[in-house]
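Asker: Hey, dropping coords-v9.txt in here, compact mmCIF, C-alpha atoms:
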```
# COMPACT_ATOMS: atom_id res chain seq x y z
CA MET A 116 113.50 123.64 83.90
CA LYS A 117 110.40 121.68 82.89
CA THR A 118 110.73 122.94 79.33
CA LEU A 119 114.23 121.44 79.15
CA THR A 120 112.91 118.17 80.60
CA PHE A 121 110.19 117.99 77.97
CA LEU A 122 112.67 118.76 75.19
CA ARG A 123 115.08 116.06 76.34
CA TYR A 124 112.28 113.53 76.54
CA PHE A 125 110.97 114.53 73.12
CA PHE A 126 114.36 113.91 71.51
CA TYR A 127 114.80 110.66 73.43
CA LEU A 128 111.47 109.36 72.10
CA GLY A 129 112.11 110.63 68.60
CA ILE A 130 115.53 109.00 68.36
CA ASN A 131 114.55 105.69 69.99
CA TRP A 132 110.99 105.37 68.63
CA ASN A 133 109.94 107.84 65.96
CA TRP A 134 109.14 111.54 65.69
CA ARG A 135 105.39 111.08 65.16
CA ILE A 136 105.04 109.15 68.38
CA ALA A 137 107.35 111.61 70.14
CA SER A 138 105.13 114.54 69.13
CA THR A 139 101.97 112.77 70.31
CA ILE A 140 103.40 111.66 73.64
CA ILE A 141 105.11 114.93 74.53
CA LYS A 142 101.81 116.80 74.19
CA GLN A 143 100.23 114.25 76.53
CA GLU A 144 103.15 114.72 78.92
CA ILE A 145 102.72 118.48 79.10
CA ASP A 146 98.95 118.20 79.60
CA GLY A 147 99.24 115.38 82.14
CA GLU A 148 101.93 116.95 84.29
CA LYS A 149 99.89 120.14 84.46
CA LYS A 150 96.62 118.35 85.20
CA TYR A 151 97.99 116.23 88.05
CA GLY A 152 100.54 118.74 89.35
CA ILE A 153 103.45 116.29 89.43
CA ASN A 154 106.92 115.95 87.89
CA THR A 155 107.37 112.52 86.32
CA THR A 156 108.47 113.16 82.73
CA GLY A 157 111.80 111.83 81.53
CA ALA A 158 113.81 108.67 80.93
CA ASP A 159 116.61 107.16 83.02
CA GLU A 160 118.85 104.32 81.84
CA LEU A 161 119.91 103.67 85.47
CA GLY A 162 123.59 104.16 84.70
CA SER A 163 124.08 105.95 88.03
CA LEU A 164 123.05 102.79 89.88
CA ALA A 165 125.59 100.67 88.05
CA LYS A 166 128.31 103.15 89.02
CA LYS A 167 127.31 102.67 92.67
CA GLY A 168 127.76 98.93 92.35
CA ILE A 169 124.04 98.12 92.27
CA ASP A 170 123.18 95.22 90.00
CA THR A 171 120.99 96.53 87.17
CA SER A 172 121.55 93.60 84.84
CA HIS A 173 117.90 92.54 85.13
CA ALA A 174 116.40 96.04 85.18
CA THR A 175 115.12 98.05 82.24
CA ILE A 176 115.17 101.78 81.58
CA TYR A 177 112.85 104.04 83.56
CA MET A 178 110.21 105.45 81.26
CA PRO A 179 106.73 106.50 82.40
CA ILE A 180 103.60 105.12 80.79
CA SER A 181 101.73 107.71 78.71
CA TYR A 182 98.98 109.54 80.56
CA VAL A 183 96.34 108.67 77.98
CA LEU A 184 97.11 104.95 78.10
CA LEU A 185 97.28 105.00 81.89
CA ASN A 186 93.87 106.62 82.24
CA THR A 187 92.40 104.16 79.74
CA LEU A 188 93.69 101.25 81.82
CA LEU A 189 92.52 102.64 85.15
CA LYS A 190 89.02 103.16 83.75
CA GLN A 191 88.95 99.49 82.69
CA LEU A 192 89.74 98.07 86.12
CA PRO A 193 87.09 95.55 87.23
CA SER A 194 87.16 96.61 90.90
CA LYS A 195 86.53 100.27 91.66
CA PRO A 196 87.84 101.76 93.74
CA VAL A 197 90.98 99.69 94.22
CA LYS A 198 91.68 99.08 97.91
CA HIS A 199 95.49 98.95 97.74
CA PHE A 200 97.41 99.74 94.56
CA LEU A 201 100.99 98.48 94.19
CA ASP A 202 103.39 99.67 91.48
CA ILE A 203 106.44 97.42 91.09
CA GLY A 204 109.10 99.48 89.37
CA CYS A 205 107.31 102.69 90.35
CA GLY A 206 109.87 105.17 89.00
CA LYS A 207 108.80 108.70 89.90
CA GLY A 208 105.35 107.62 91.06
CA ARG A 209 103.17 108.69 88.14
CA ILE A 210 100.86 105.67 88.31
CA LEU A 211 100.39 105.94 92.06
CA CYS A 212 99.49 109.63 91.85
CA VAL A 213 97.01 109.15 89.02
CA ALA A 214 95.48 106.15 90.84
CA ALA A 215 94.68 108.50 93.72
CA HIS A 216 92.77 110.71 91.30
CA HIS A 217 90.77 107.61 90.34
CA GLY A 218 89.67 107.02 93.93
CA THR A 219 92.41 104.80 95.37
CA TYR A 220 93.64 106.09 98.72
CA LYS A 221 96.21 103.45 99.63
CA VAL A 222 99.19 103.11 97.29
CA THR A 223 102.64 101.55 97.51
CA GLY A 224 105.63 101.87 95.20
CA VAL A 225 108.77 99.76 94.89
CA ASP A 226 111.87 100.62 92.88
CA ILE A 227 115.56 99.70 92.89
CA SER A 228 116.62 103.33 92.45
CA LYS A 229 116.69 105.51 95.58
CA ASP A 230 116.70 108.68 93.47
CA LEU A 231 113.52 107.59 91.66
CA CYS A 232 111.94 106.59 94.97
CA ASP A 233 112.74 110.02 96.38
CA ASP A 234 111.05 111.61 93.36
CA ALA A 235 108.04 109.32 93.79
CA THR A 236 107.75 110.30 97.46
CA ALA A 237 107.88 113.99 96.54
CA ASN A 238 105.18 113.57 93.89
CA LEU A 239 102.96 111.60 96.26
CA GLY A 240 103.39 114.38 98.80
CA LEU A 241 102.04 116.83 96.23
CA THR A 242 99.14 114.50 95.49
CA LYS A 243 98.32 114.10 99.19
CA GLU A 244 97.79 117.86 99.37
CA LYS A 245 94.81 117.27 97.06
CA PHE A 246 93.71 114.04 98.74
CA PRO A 247 94.43 114.27 102.49
CA LEU A 248 93.18 110.70 103.08
CA LEU A 249 95.85 109.26 100.79
CA GLU A 250 98.13 106.69 102.45
CA TYR A 251 101.36 106.02 100.60
CA ALA A 252 104.65 104.22 101.02
CA VAL A 253 107.65 103.92 98.72
CA PHE A 254 110.36 101.28 99.18
CA THR A 255 113.84 101.22 97.66
CA LYS A 256 114.12 97.48 97.18
CA ASP A 257 114.82 94.73 94.67
CA ALA A 258 111.47 93.47 93.39
CA MET A 259 112.61 89.86 93.74
CA ASN A 260 112.72 90.28 97.51
CA PHE A 261 109.59 92.36 97.98
CA GLU A 262 106.78 90.61 99.84
CA ILE A 263 103.38 91.49 98.36
CA PRO A 264 101.22 93.10 101.09
CA ALA A 265 98.22 91.01 102.12
CA ASP A 266 95.62 93.61 101.08
CA VAL A 267 97.03 94.54 97.66
CA ASP A 268 94.34 93.93 95.06
CA CYS A 269 95.84 95.70 92.03
CA ILE A 270 99.44 95.57 90.79
CA PHE A 271 100.96 97.69 88.03
CA LEU A 272 103.98 96.74 85.91
CA PHE A 273 105.50 98.61 82.98
CA ASN A 274 107.90 95.84 81.92
CA PRO A 275 110.37 97.06 84.57
CA PHE A 276 112.74 94.10 84.38
CA ASP A 277 113.65 90.93 82.50
CA ILE A 278 112.17 87.43 82.66
CA VAL A 279 114.38 86.38 85.60
CA VAL A 280 112.99 89.00 87.97
CA MET A 281 109.51 88.84 86.47
CA GLY A 282 109.40 85.14 87.23
CA ALA A 283 110.26 85.86 90.86
CA VAL A 284 107.63 88.61 91.04
CA VAL A 285 104.94 86.27 89.70
CA TYR A 286 106.01 83.73 92.32
CA ASN A 287 105.70 86.35 95.07
CA ILE A 288 102.25 87.37 93.84
CA MET A 289 101.05 83.76 93.83
CA GLU A 290 102.43 83.19 97.34
CA SER A 291 100.47 86.19 98.59
CA ALA A 292 97.32 85.06 96.78
CA GLN A 293 97.55 81.60 98.32
CA GLU A 294 98.23 82.84 101.85
CA TYR A 295 95.59 85.59 101.69
CA PRO A 296 92.95 84.51 99.14
CA ARG A 297 91.50 87.44 97.19
CA ASP A 298 90.92 88.68 93.66
CA ILE A 299 94.07 90.26 92.24
CA THR A 300 94.26 92.40 89.12
CA VAL A 301 97.52 93.02 87.26
CA VAL A 302 97.83 95.99 84.92
CA TYR A 303 100.72 95.13 82.63
CA ALA A 304 102.06 97.69 80.14
CA ASN A 305 104.39 96.39 77.41
CA PRO A 306 103.44 92.83 78.47
CA LEU A 307 106.43 90.87 77.18
CA TYR A 308 106.09 88.12 79.77
CA GLN A 309 102.32 87.89 80.01
CA ASP A 310 102.54 84.12 79.56
CA LEU A 311 104.16 83.82 83.00
CA PHE A 312 100.96 85.14 84.55
CA GLU A 313 98.64 83.10 82.38
CA GLU A 314 100.50 79.92 83.33
CA GLU A 315 99.51 80.63 86.94
CA GLY A 316 95.82 81.13 86.16
CA PHE A 317 95.61 84.83 85.33
CA VAL A 318 93.07 85.60 82.60
CA GLU A 319 93.28 88.57 80.23
CA ILE A 320 90.20 90.74 80.55
CA PHE A 321 91.37 93.77 78.54
CA HIS A 322 94.00 94.44 75.88
CA THR A 323 94.95 97.52 73.91
CA LYS A 324 97.66 98.41 71.42
CA GLU A 325 98.25 101.75 69.73
CA MET A 326 101.06 103.20 67.63
CA LYS A 327 103.08 99.95 67.84
CA TYR A 328 104.78 100.75 71.15
CA LEU A 329 101.78 101.54 73.38
CA GLU A 330 100.50 98.09 74.38
CA ALA A 331 98.99 96.93 77.65
CA ALA A 332 96.85 94.21 79.15
CA ILE A 333 94.76 93.81 82.28
CA LEU A 334 94.91 90.34 83.83
CA LYS A 335 92.76 89.00 86.63
CA LEU A 336 93.37 86.16 89.07
CA PRO A 337 90.19 84.83 90.70
CA VAL A 338 90.21 83.94 94.39
CA LEU A 339 92.29 80.81 94.91
CA LYS A 340 90.44 78.07 96.78
```
Using structure tokens, write down the structure that the file contains.
Answerer:
Amino acid sequence: MKTLTFLRYFFYLGINWNWRIASTIIKQEIDGEKKYGINTTGADELGSLAKKGIDTSHATIYMPISYVLLNTLLKQLPSKPVKHFLDIGCGKGRILCVAAHHGTYKVTGVDISKDLCDDATANLGLTKEKFPLLEYAVFTKDAMNFEIPADVDCIFLFNPFDIVVMGAVVYNIMESAQEYPRDITVVYANPLYQDLFEEEGFVEIFHTKEMKYLEAAILKLPVLK
């Protein structure tokens, strides 16, 4: 079954990106899934949600960040360990599971797709077997209406939606930061709307770009006074 999943993802990447990148990423996928003992490979264009009448007009395709890029970003985080890691558009929970391996024992995921949230919950259950102290929660919810928990200090985004929803998410983050002053770090892969964060006072502290499509930035918001 996993072999078929890898093959499908390989052809998806090759057709939509290019075959060189597909070959590089699929090797990382095989190694990463084995290393962390989870099942997060694959792409989902969310067509099943549209058929159920769920508005996906502002959502983008589910596609997990590459394991190599993810580990690079987590190693660059200014605060270690992270107290509470939030992934908005969590998909199958890859980031949350890997964050646990980096010493974070409280993680939360949010996604509009119940099926993806169910997968994320299953993967986090597998990860908790390795880290019994891990606390996790996954919510099937529209990101626009998700209230940022008061203790979240690191937020991950892999360009999960368009500028309309991203604007609302930035607003929610700023509301939380103002009500509960603290340092907040945003890890933003494929940072198309990075300017929305910078307009609110976030400062880029790390940036990387490889093979054209693998780009990410880490942004930090100092304590608001």
Asker: Could you check the closest approach to A:Glu294 for each of A:Ala235, A:Ile263, A:Glu314, A:Thr156 and tell me which residue wins, using only C-alpha atoms?
Answerer: A:Ile263
Asker: Skip A:Phe321 itself and residues of its chain fewer than 3 positions away, then list as a list in words all residues within 10 Å of it, counting only C-alpha atoms.
Answerer: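 Near neighbours after the sequence-gap exclusion: Leu188, Gln191, Leu192, Pro193, Val302, Val318, Ala331, Ala332, Ile333, Leu334 and Lys335 of chain A.
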Asker: Draw an axis-aligned box tight on the listed atoms of stretch 120-133 of chain A, then pad every side by 5 Å and write out centre and edge lengths in Å to one decimal as AutoDock Vina command-line options.
Answerer:
```
--center_x 112.7 --center_y 112.1 --center_z 73.3 --size_x 15.6 --size_y 23.4 --size_z 24.6
```
Asker: Just the residues within 12 Å of A:Arg123, please, counting all atoms listed in the file, with nothing from its chain fewer than 2 positions along; format it as a ChimeraX atom specification.
Answerer: /A:116-121,125-130,137,141,156-159
Asker: For A:His216, work out the shell of residues within 12 Å, counting only C-alpha atoms and skipping chain neighbours fewer than 3 positions away, then give it as a PyMOL selection string.
Answerer: chain A and resi 150-152+185-186+189-190+196-197+209-213+219-222+239+242-249
Asker: List the neighbours of A:Asp268 out to 10 Å using only C-alpha atoms; skip same-chain residues closer than 6 positions along the sequence, and give me the result as a list of chain:residue names.
Answerer: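 The residues satisfying every condition are A:Ser194, A:Val197, A:Lys198, A:His199, A:Phe200, A:Leu201, A:Ala292, A:Arg297, A:Asp298, A:Ile299, A:Thr300, A:Val301, A:Lys335, A:Leu336.
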Asker: For each of A:Ser228, A:Thr223, A:Thr139, A:Thr236, take the minimum atom-to-atom distance to A:Val267, counting only C-alpha atoms, then give the residue where this is smallest.
Answerer: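 Comparing A:Ser228, A:Thr223, A:Thr139, A:Thr236 against A:Val267, the winner is A:Thr223.
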Asker: Which residue is closest to A:Gln143? Choose from A:Tyr124, A:Met178, A:Cys269, A:Val183 and count only C-alpha atoms.
Answerer: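 Looking only at the distances to A:Gln143, the closest residue turns out to be A:Val183.
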Asker: Rounded to one decimal place, report the atom CA of A:Glu262-atom CA of A:Tyr286 distance in Å.
Answerer: 10.2 Å
